[in-house]
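K.L.:
Structure provided below as structure tokens; questions to follow.
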Amino acid sequence: MIRGKFITLEGGEGVGKTTNLAFIKDYLQSYDISVVGTREPGGTVLAEKIRNLLLDKHSEAISENAELLLMFAARAQHIKHVVEPALAQGKWVLCDRFTDATYAYQGGGRNMRMSTIEWLEDLVQGALRPDLTLLLDAPVETGIERVRERGAFDRFEAEKLSFFEQVRRAYLLQAELHPERIKLIKADQPLAEVQRALIEVIGVLLK
Ligand code: T5A
């Protein structure tokens with residue numbers, strides 16, 4: 001059995017990850033590829049419970065270390081029960097956020113040490129890394145504006161603009177550090193243009 005491909009979608013709030021995940025899934029399926037669409041934090045029963053803990057607002061502040069460890073706890077469950085089994089069965093896994101989000105939000109946004117994140121990445125993932133990461137990039141205000149139209153903010157969305165600027169910078173740094181894996185897609189253009197760019201990049205994996 002040929003191992004499937006692991007594709008992740010990344011970017012700040014409201015850049016269009018969820019919208020485009022559905023589009024890419026349909027596109028790959030039109031090539032008779034079996035695709036599992038999933039998300040982080042989440043993707044399993046337990047990991048979705050951890051997601052709720054992370055996104056809900058609580059009267060008790062979540063410490064930065066607790067936040068980081070909960071992200072990786074959810075990821076460990078997700079990899080064991082969803083990502084690895086699907087890849088081993090030859091399915092392609094399309095994931096809305098993965099560890100680049102941890103580098104961006106906990107590393108960039110919360111100023112946590114990148115070396116700590118690297119250590120946890122090795123512990124939880126072993127050799128697993130995405131084959132391709134599509135980084136949707138747009139000015140922070142564009143994404144927040146789109147999210148605002150949707151209504152109530154979750155615990156992350158309630159952060160200050162400066163937090164999201166740091167997140168964006170950290171994502172762009174990740175793209176510089178891993179140019180073969182992370183492809184930058186300009187997300188502040190009409191959806192049809194974004195999707196044209198996505199198909200162009202994904203086409204390379206289909207060859
Ligand atoms: N997190 C996650 C961490 O801190 N560390 C981690 O390690 C991980 C994995 C998860 C939160 O957890 C944090 C980051 C996050 O804050 P989430 O729900 O996965 O939360 O992430 P969000 O960014 O909050 O997801 P959103 O649904 O808000 O944003 P999307 O998925 O990027 O955007 P989408 O597709 O829902 O689109 C938003 C709106 O914009 C429109 C869509 O129709 C929709 O209405 N839109 C466009 N409009 C115009 N032009 C375009 N090109 C458009 N593209 C989309």
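Labels for the structure tokens follow display order: chains A, B, ..., residues from 1 in each chain, ligands from 1.
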Using only C-alpha atoms and all ligand atoms, find each residue with an atom at most 6 Å away from ligand 1 and format the answer as a list in words.
P.N.:
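So, counting only C-alpha atoms and all ligand atoms, the residues near ligand 1 are Gly12, Glu13, Gly14, Val15, Gly16, Lys17, Thr18, Thr19, Glu40, Pro41, Met71, Arg97, Phe98, Thr99, Ala101, Thr102, Tyr105, Gln106, Arg146, Val147, Phe156, Glu157, Ala187, Asp188, Gln189, Pro190 and Leu191 of chain A.
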K.L.:
Write out as a list in words which residues come within 12 Å of His81 in chain A when counting only C-alpha atoms, dropping same-chain ones fewer than 6 positions away.
P.N.:
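Contacts, with the query itself left out: Thr38, Gly42, Gly43, Thr44, Val45, Leu46, Ala47, Ala74, Arg75, Leu87 and Ala88 of chain A.
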K.L.:
Write out as a ChimeraX atom specification each polymer residue whose atoms come within 8 Å of range 23-34 of chain A, counting only C-alpha atoms; drop sequence neighbours fewer than 4 positions from it.
P.N.:
/A:19,90-92,94,195,198-199
K.L.:
Restricting the output to N, CA, C and O atoms, write the selected residues as a PDB file, in the first residue's frame.
P.N.:
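What follows is the written file again.pdb:
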ATOM      1  N   THR A  19     -13.155  27.025   4.528  1.00  0.00           N
ATOM      2  CA  THR A  19     -13.788  27.149   3.209  1.00  0.00           C
ATOM      3  C   THR A  19     -12.968  26.388   2.154  1.00  0.00           C
ATOM      4  O   THR A  19     -13.514  25.618   1.363  1.00  0.00           O
ATOM      5  N   GLY A  90      -3.308   4.513   2.758  1.00  0.00           N
ATOM      6  CA  GLY A  90      -3.154   5.141   1.439  1.00  0.00           C
ATOM      7  C   GLY A  90      -4.063   6.337   1.229  1.00  0.00           C
ATOM      8  O   GLY A  90      -4.137   6.890   0.131  1.00  0.00           O
ATOM      9  N   LYS A  91      -4.790   6.739   2.294  1.00  0.00           N
ATOM     10  CA  LYS A  91      -5.674   7.905   2.142  1.00  0.00           C
ATOM     11  C   LYS A  91      -4.862   9.184   2.296  1.00  0.00           C
ATOM     12  O   LYS A  91      -3.833   9.190   2.985  1.00  0.00           O
ATOM     13  N   TRP A  92      -5.360  10.235   1.691  1.00  0.00           N
ATOM     14  CA  TRP A  92      -4.729  11.542   1.879  1.00  0.00           C
ATOM     15  C   TRP A  92      -5.427  12.229   3.053  1.00  0.00           C
ATOM     16  O   TRP A  92      -6.653  12.140   3.177  1.00  0.00           O
ATOM     17  N   LEU A  94      -6.206  15.747   4.910  1.00  0.00           N
ATOM     18  CA  LEU A  94      -6.269  17.192   4.723  1.00  0.00           C
ATOM     19  C   LEU A  94      -6.652  17.786   6.062  1.00  0.00           C
ATOM     20  O   LEU A  94      -7.752  17.552   6.561  1.00  0.00           O
ATOM     21  N   GLN A 195      -8.470  29.977  -4.966  1.00  0.00           N
ATOM     22  CA  GLN A 195      -8.612  28.559  -5.312  1.00  0.00           C
ATOM     23  C   GLN A 195      -7.806  28.201  -6.562  1.00  0.00           C
ATOM     24  O   GLN A 195      -7.282  27.093  -6.664  1.00  0.00           O
ATOM     25  N   LEU A 198      -4.403  27.647  -5.208  1.00  0.00           N
ATOM     26  CA  LEU A 198      -4.316  26.381  -4.465  1.00  0.00           C
ATOM     27  C   LEU A 198      -4.164  25.198  -5.425  1.00  0.00           C
ATOM     28  O   LEU A 198      -3.328  24.315  -5.220  1.00  0.00           O
ATOM     29  N   ILE A 199      -4.952  25.202  -6.497  1.00  0.00           N
ATOM     30  CA  ILE A 199      -4.899  24.098  -7.466  1.00  0.00           C
ATOM     31  C   ILE A 199      -3.516  24.013  -8.104  1.00  0.00           C
ATOM     32  O   ILE A 199      -2.972  22.931  -8.318  1.00  0.00           O
TER      33      ILE A 199
END
K.L.:
Might you pull out every residue within 9 Å of Leu172 in chain A, with only C-alpha atoms counted and same-chain residues fewer than 2 positions away left off, and present them as a list in words?
P.N.:
Ala104, Leu135, Asp137, Val167, Arg168, Arg169, Ala170, Gln174, Ala175, Glu176, Leu177 and Leu184 of chain A
K.L.:
Range 16-70 of chain A: which residues are helix (DSSP H, G or I) by DSSP, as an MDAnalysis selection string?
P.N.:
chainID A and resid 17:29 45:55 64:70
K.L.:
With only C-alpha atoms as the atoms that count, which of A:Ile185, A:Leu120, A:Leu55, A:Leu134 lies nearest to Phe6 in chain A?
P.N.:
A:Leu134
K.L.:
By how many Å are CA of Lys80 in chain A and CA of Leu205 in chain A apart?
P.N.:
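Between CA of Lys80 in chain A and CA of Leu205 in chain A the gap is 24.4 Å.
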K.L.:
I'd like to know which of A:His178, A:Val140, A:Leu132, A:Val83 is closest to Val201 in chain A, using only C-alpha atoms.
P.N.:
A:Leu132
K.L.:
Compare A:Lys186, A:Arg113, A:Arg3, A:Arg181 by their minimum atom-to-atom distance to Val204 in chain A, counting only C-alpha atoms, and give me the closest one.
P.N.:
A:Arg181
K.L.:
At what distance in Å, to one decimal, does CA of Tyr171 in chain A lie from CA of Glu141 in chain A?
P.N.:
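That distance, rounded to one decimal, is 16.0 Å.
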K.L.:
Can you pull out the residues contacting Lys57 in chain A? Cut-off 12 Å, using only C-alpha atoms, and skip same-chain residues under 2 positions away; I want them as a PyMOL selection string.
P.N.:
chain A and resi 51-55+59-62+152-159
K.L.:
Would you please give, as a PyMOL selection string, all residues of chain A that DSSP assigns to strand (DSSP E) based on the backbone?
P.N.:
chain A and resi 6-10+35-39+92-96+132-137+182-186
K.L.:
Restricting the calculation to only C-alpha atoms: of A:Arg110, A:Arg148, A:Lys5, A:Lys160, which residue gets closest to Glu64 in chain A?
P.N.:
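Answer, going by the shortest atom-to-atom distance: A:Arg110.
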K.L.:
Here is a test: counting only C-alpha atoms, which residue of A:His78, A:Leu21, A:Ser63, A:Met112 is nearest to Lys49 in chain A?
P.N.:
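Smallest separation from Lys49 in chain A among the options: A:His78.
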K.L.:
For CA of Leu136 in chain A and CA of Ile7 in chain A, quote the distance in Å rounded to one decimal.
P.N.:
13.2 Å
K.L.:
Which is closer to Ala76 in chain A than all the others in A:Glu165, A:Asp122, A:Asp56, A:Thr133, using only C-alpha atoms?
P.N.:
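Closest residue, counting only C-alpha atoms: A:Asp122.
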